[in-house]
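**Student:** mmCIF, N, CA and C atoms, file final_26.cif:
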data_start
loop_
_atom_site.label_atom_id
_atom_site.label_comp_id
_atom_site.auth_asym_id
_atom_site.auth_seq_id
_atom_site.Cartn_x
_atom_site.Cartn_y
_atom_site.Cartn_z
N MET V 1 -26.11 32.09 23.09
CA MET V 1 -26.23 30.66 23.00
C MET V 1 -25.97 30.19 21.56
N ASN V 2 -26.45 30.95 20.58
CA ASN V 2 -26.25 30.58 19.18
C ASN V 2 -24.77 30.60 18.81
N ILE V 3 -24.05 31.56 19.30
CA ILE V 3 -22.61 31.66 18.99
C ILE V 3 -21.88 30.45 19.59
N PHE V 4 -22.22 30.11 20.80
CA PHE V 4 -21.60 28.95 21.45
C PHE V 4 -21.87 27.68 20.65
N THR V 5 -23.12 27.47 20.25
CA THR V 5 -23.50 26.28 19.48
C THR V 5 -22.77 26.25 18.14
N TYR V 6 -22.71 27.38 17.47
CA TYR V 6 -22.03 27.46 16.17
C TYR V 6 -20.55 27.11 16.32
N MET V 7 -19.89 27.68 17.32
CA MET V 7 -18.46 27.43 17.52
C MET V 7 -18.21 25.96 17.88
N TYR V 8 -19.08 25.41 18.70
CA TYR V 8 -18.92 24.02 19.12
C TYR V 8 -18.99 23.08 17.91
N TYR V 9 -20.01 23.23 17.09
CA TYR V 9 -20.18 22.32 15.95
C TYR V 9 -19.15 22.55 14.86
N SER V 10 -18.71 23.78 14.66
CA SER V 10 -17.70 24.03 13.63
C SER V 10 -16.35 23.43 14.05
N LYS V 11 -15.99 23.55 15.32
CA LYS V 11 -14.73 22.96 15.78
C LYS V 11 -14.83 21.44 15.83
N LYS V 12 -16.01 20.93 16.13
CA LYS V 12 -16.20 19.48 16.15
C LYS V 12 -16.01 18.90 14.76
N ALA V 13 -16.54 19.59 13.75
CA ALA V 13 -16.41 19.11 12.36
C ALA V 13 -14.95 19.10 11.92
N THR V 14 -14.20 20.16 12.23
CA THR V 14 -12.80 20.19 11.83
C THR V 14 -11.98 19.16 12.60
N SER V 15 -12.34 18.94 13.86
CA SER V 15 -11.65 17.94 14.67
C SER V 15 -11.88 16.54 14.10
N GLU V 16 -13.10 16.24 13.74
CA GLU V 16 -13.40 14.93 13.15
C GLU V 16 -12.72 14.76 11.81
N GLU V 17 -12.62 15.83 11.05
CA GLU V 17 -11.96 15.75 9.74
C GLU V 17 -10.47 15.45 9.90
N THR V 18 -9.82 16.09 10.86
CA THR V 18 -8.39 15.82 11.07
C THR V 18 -8.19 14.40 11.61
N ARG V 19 -9.07 13.92 12.50
CA ARG V 19 -8.95 12.55 12.99
C ARG V 19 -9.14 11.56 11.85
N PHE V 20 -10.07 11.86 10.94
CA PHE V 20 -10.30 10.99 9.79
C PHE V 20 -9.06 10.94 8.90
N LYS V 21 -8.44 12.09 8.66
CA LYS V 21 -7.24 12.13 7.82
C LYS V 21 -6.10 11.34 8.44
N VAL V 22 -5.92 11.46 9.75
CA VAL V 22 -4.84 10.74 10.43
C VAL V 22 -5.10 9.24 10.40
N SER V 23 -6.33 8.84 10.70
CA SER V 23 -6.62 7.40 10.70
C SER V 23 -6.55 6.83 9.28
N ASN V 24 -6.95 7.61 8.30
CA ASN V 24 -6.87 7.17 6.91
C ASN V 24 -5.40 6.98 6.50
N ALA V 25 -4.54 7.88 6.91
CA ALA V 25 -3.11 7.76 6.59
C ALA V 25 -2.52 6.52 7.27
N LYS V 26 -2.90 6.27 8.53
CA LYS V 26 -2.40 5.08 9.23
C LYS V 26 -2.87 3.81 8.54
N LEU V 27 -4.11 3.78 8.10
CA LEU V 27 -4.63 2.60 7.41
C LEU V 27 -3.92 2.36 6.09
N ARG V 28 -3.62 3.43 5.37
CA ARG V 28 -2.88 3.28 4.11
C ARG V 28 -1.49 2.72 4.37
N ASP V 29 -0.82 3.24 5.41
CA ASP V 29 0.51 2.74 5.74
C ASP V 29 0.46 1.27 6.13
N SER V 30 -0.55 0.91 6.91
CA SER V 30 -0.70 -0.49 7.32
C SER V 30 -0.95 -1.38 6.11
N LEU V 31 -1.79 -0.92 5.21
CA LEU V 31 -2.09 -1.69 4.00
C LEU V 31 -0.85 -1.85 3.14
N ASN V 32 -0.07 -0.80 3.00
CA ASN V 32 1.17 -0.88 2.22
C ASN V 32 2.16 -1.84 2.87
N THR V 33 2.23 -1.83 4.19
CA THR V 33 3.14 -2.73 4.91
C THR V 33 2.72 -4.18 4.72
N VAL V 34 1.43 -4.45 4.85
CA VAL V 34 0.94 -5.82 4.68
C VAL V 34 1.14 -6.29 3.24
N THR V 35 0.89 -5.43 2.29
CA THR V 35 1.09 -5.78 0.88
C THR V 35 2.56 -6.08 0.61
N SER V 36 3.44 -5.29 1.18
CA SER V 36 4.87 -5.52 1.01
C SER V 36 5.30 -6.85 1.62
N LYS V 37 4.79 -7.15 2.82
CA LYS V 37 5.13 -8.42 3.46
C LYS V 37 4.58 -9.60 2.67
N LEU V 38 3.39 -9.45 2.11
CA LEU V 38 2.82 -10.52 1.29
C LEU V 38 3.65 -10.75 0.04
N ASN V 39 4.09 -9.68 -0.59
CA ASN V 39 4.94 -9.82 -1.77
C ASN V 39 6.26 -10.49 -1.42
N ASP V 40 6.83 -10.13 -0.26
CA ASP V 40 8.08 -10.77 0.17
C ASP V 40 7.87 -12.26 0.44
N ALA V 41 6.74 -12.60 1.06
CA ALA V 41 6.45 -14.00 1.35
C ALA V 41 6.20 -14.78 0.06
N ASN V 42 5.56 -14.16 -0.91
CA ASN V 42 5.28 -14.84 -2.17
C ASN V 42 6.54 -15.08 -2.99
N TYR V 43 7.60 -14.36 -2.69
CA TYR V 43 8.85 -14.57 -3.42
C TYR V 43 9.35 -15.99 -3.20
N PHE V 44 9.13 -16.52 -2.02
CA PHE V 44 9.61 -17.86 -1.70
C PHE V 44 8.60 -18.94 -2.08
N SER V 45 7.52 -18.55 -2.69
CA SER V 45 6.52 -19.50 -3.14
C SER V 45 6.94 -20.05 -4.50
N LEU V 46 6.76 -21.34 -4.67
CA LEU V 46 7.12 -21.97 -5.94
C LEU V 46 6.20 -21.49 -7.06
N GLU V 47 4.98 -21.12 -6.69
CA GLU V 47 4.02 -20.65 -7.70
C GLU V 47 4.41 -19.30 -8.28
N ASN V 48 5.11 -18.47 -7.50
CA ASN V 48 5.41 -17.11 -7.93
C ASN V 48 6.89 -16.84 -8.18
N ASN V 49 7.74 -17.79 -7.89
CA ASN V 49 9.17 -17.58 -8.03
C ASN V 49 9.65 -18.18 -9.35
N GLU V 50 9.96 -17.33 -10.27
CA GLU V 50 10.35 -17.78 -11.60
C GLU V 50 11.69 -18.51 -11.58
N ASN V 51 12.60 -18.10 -10.71
CA ASN V 51 13.89 -18.79 -10.62
C ASN V 51 13.70 -20.24 -10.17
N ALA V 52 12.84 -20.46 -9.19
CA ALA V 52 12.58 -21.82 -8.73
C ALA V 52 11.89 -22.64 -9.81
N GLN V 53 10.99 -22.03 -10.55
CA GLN V 53 10.32 -22.74 -11.64
C GLN V 53 11.33 -23.13 -12.71
N ASN V 54 12.23 -22.24 -13.01
CA ASN V 54 13.27 -22.54 -14.02
C ASN V 54 14.18 -23.66 -13.54
N TYR V 55 14.41 -23.76 -12.25
CA TYR V 55 15.23 -24.84 -11.71
C TYR V 55 14.58 -26.19 -12.00
N PHE V 56 13.27 -26.26 -11.85
CA PHE V 56 12.57 -27.52 -12.10
C PHE V 56 12.33 -27.76 -13.59
N ASP V 57 12.39 -26.72 -14.40
CA ASP V 57 12.27 -26.87 -15.85
C ASP V 57 13.64 -27.00 -16.51
N ASN V 58 14.61 -27.42 -15.75
CA ASN V 58 15.99 -27.52 -16.18
C ASN V 58 16.13 -28.56 -17.30
N ALA V 59 17.31 -28.63 -17.86
CA ALA V 59 17.58 -29.61 -18.92
C ALA V 59 17.46 -31.05 -18.40
N ASN V 60 17.67 -31.24 -17.10
CA ASN V 60 17.55 -32.57 -16.50
C ASN V 60 16.11 -32.82 -16.08
N ALA V 61 15.20 -32.63 -16.99
CA ALA V 61 13.77 -32.72 -16.67
C ALA V 61 13.37 -34.14 -16.26
N GLU V 62 14.11 -35.13 -16.68
CA GLU V 62 13.74 -36.50 -16.31
C GLU V 62 14.01 -36.77 -14.83
N LYS V 63 14.88 -35.98 -14.18
CA LYS V 63 15.18 -36.17 -12.77
C LYS V 63 14.18 -35.45 -11.86
N PHE V 64 13.48 -34.45 -12.38
CA PHE V 64 12.62 -33.61 -11.57
C PHE V 64 11.15 -33.82 -11.91
N ILE V 65 10.31 -33.56 -10.93
CA ILE V 65 8.86 -33.54 -11.14
C ILE V 65 8.50 -32.14 -11.61
N ALA V 66 7.53 -32.04 -12.49
CA ALA V 66 7.07 -30.72 -12.93
C ALA V 66 6.55 -29.96 -11.72
N TYR V 67 6.89 -28.67 -11.64
CA TYR V 67 6.52 -27.91 -10.45
C TYR V 67 5.02 -27.76 -10.29
N GLU V 68 4.24 -27.87 -11.38
CA GLU V 68 2.78 -27.81 -11.27
C GLU V 68 2.25 -29.01 -10.48
N LYS V 69 2.92 -30.14 -10.63
CA LYS V 69 2.53 -31.35 -9.90
C LYS V 69 3.17 -31.39 -8.51
N LEU V 70 4.29 -30.72 -8.35
CA LEU V 70 5.02 -30.74 -7.09
C LEU V 70 4.32 -29.92 -6.01
N ILE V 71 3.71 -28.82 -6.37
CA ILE V 71 3.07 -27.93 -5.40
C ILE V 71 1.97 -28.66 -4.61
N PRO V 72 1.00 -29.32 -5.26
CA PRO V 72 -0.01 -30.02 -4.46
C PRO V 72 0.58 -31.18 -3.64
N PHE V 73 1.61 -31.83 -4.17
CA PHE V 73 2.25 -32.94 -3.46
C PHE V 73 2.89 -32.45 -2.16
N VAL V 74 3.61 -31.34 -2.24
CA VAL V 74 4.27 -30.79 -1.05
C VAL V 74 3.23 -30.31 -0.04
N LYS V 75 2.17 -29.66 -0.52
CA LYS V 75 1.12 -29.21 0.39
C LYS V 75 0.46 -30.38 1.12
N GLU V 76 0.23 -31.46 0.39
CA GLU V 76 -0.38 -32.65 0.99
C GLU V 76 0.53 -33.25 2.06
N LYS V 77 1.82 -33.33 1.77
CA LYS V 77 2.76 -33.89 2.73
C LYS V 77 2.89 -33.01 3.97
N LEU V 78 2.84 -31.70 3.79
CA LEU V 78 2.89 -30.80 4.95
C LEU V 78 1.65 -30.93 5.81
N MET V 79 0.49 -31.10 5.18
CA MET V 79 -0.74 -31.30 5.95
C MET V 79 -0.69 -32.63 6.70
N ASP V 80 -0.12 -33.66 6.08
CA ASP V 80 0.03 -34.94 6.75
C ASP V 80 0.95 -34.81 7.97
N ALA V 81 2.00 -34.01 7.84
CA ALA V 81 2.91 -33.79 8.97
C ALA V 81 2.20 -33.03 10.09
N ASN V 82 1.30 -32.13 9.76
CA ASN V 82 0.55 -31.39 10.77
C ASN V 82 -0.40 -32.31 11.53
N GLU V 83 -0.96 -33.29 10.85
CA GLU V 83 -1.91 -34.20 11.49
C GLU V 83 -1.20 -35.25 12.36
N ASN V 84 0.05 -35.52 12.06
CA ASN V 84 0.83 -36.49 12.82
C ASN V 84 1.24 -35.87 14.16
N PRO V 85 0.92 -36.51 15.29
CA PRO V 85 1.28 -35.93 16.60
C PRO V 85 2.78 -35.78 16.79
N ALA V 86 3.55 -36.66 16.19
CA ALA V 86 5.01 -36.57 16.31
C ALA V 86 5.57 -35.46 15.42
N GLY V 87 4.80 -35.05 14.42
CA GLY V 87 5.23 -33.96 13.54
C GLY V 87 6.24 -34.38 12.50
N THR V 88 6.36 -35.66 12.25
CA THR V 88 7.31 -36.15 11.25
C THR V 88 6.59 -36.63 10.01
N LEU V 89 7.29 -36.67 8.93
CA LEU V 89 6.70 -37.12 7.66
C LEU V 89 6.79 -38.62 7.50
N ILE V 90 7.59 -39.28 8.29
CA ILE V 90 7.77 -40.73 8.13
C ILE V 90 6.71 -41.48 8.88
#
Show the structure stored in the file as structure tokens.

**Tutor:**
Amino acid sequence: MNIFTYMYYSKKATSEETRFKVSNAKLRDSLNTVTSKLNDANYFSLENNENAQNYFDNANAEKFIAYEKLIPFVKEKLMDANENPAGTLI
């Protein structure tokens, strides 16, 4: 009976360890994928895209709004469009 109990618990421990390693690897891959997608999405953000910021800091600064002021304005207008049942900004 002792040999059976010993073998059962030793194999159970190794089985749980391998399951932990596999699930840990899957979680790391998922985290890396989500991080990569977030970085890709942030590329199109005005807050994180240096090329877009440079466009608004162009020599024709009198024609453009500063991007620091533009970000909250655009967010507000998008929220207004969400609240409108027709979904239009006008």

**Student:** Please write as a PyMOL selection string the full residue list that the PyMOL selection byres (((chain V and resi 68 and name CA) around 12) and name CA) yields on this file.

**Tutor:** chain V and resi 46-48+52-53+56-57+64-67+69-75

**Student:** DSSP on the backbone, then: every residue of segment 5-74 of chain V marked helix (DSSP H, G or I), written as a PyMOL selection string.

**Tutor:** chain V and resi 5-43+50-56+67-74

**Student:** Give me the box for segment 74-85 of chain V as JSON, namely the centre and edge lengths in Å to one decimal of a box along x, y and z that holds every listed atom plus 4 Å on each side.

**Tutor:**
{"center_x": 1.2, "center_y": -32.9, "center_z": 7.3, "size_x": 14.2, "size_y": 15.3, "size_z": 27.0}

**Student:** What gap, in Å, lies between atom CA of Asn54 of chain V and atom C of Lys37 of chain V?

**Tutor:** 22.8 Å

**Student:** Could you tell me how far atom CA of Leu38 of chain V lies from atom N of Leu78 of chain V, in Å and to one decimal?

**Tutor:**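 Between these atoms lies a distance of 21.3 Å.
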
**Student:** One number please: atom N of Phe44 of chain V to atom N of Glu76 of chain V, in Å, one decimal.

**Tutor:**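 Going from atom N of Phe44 of chain V over to atom N of Glu76 of chain V covers 17.6 Å.
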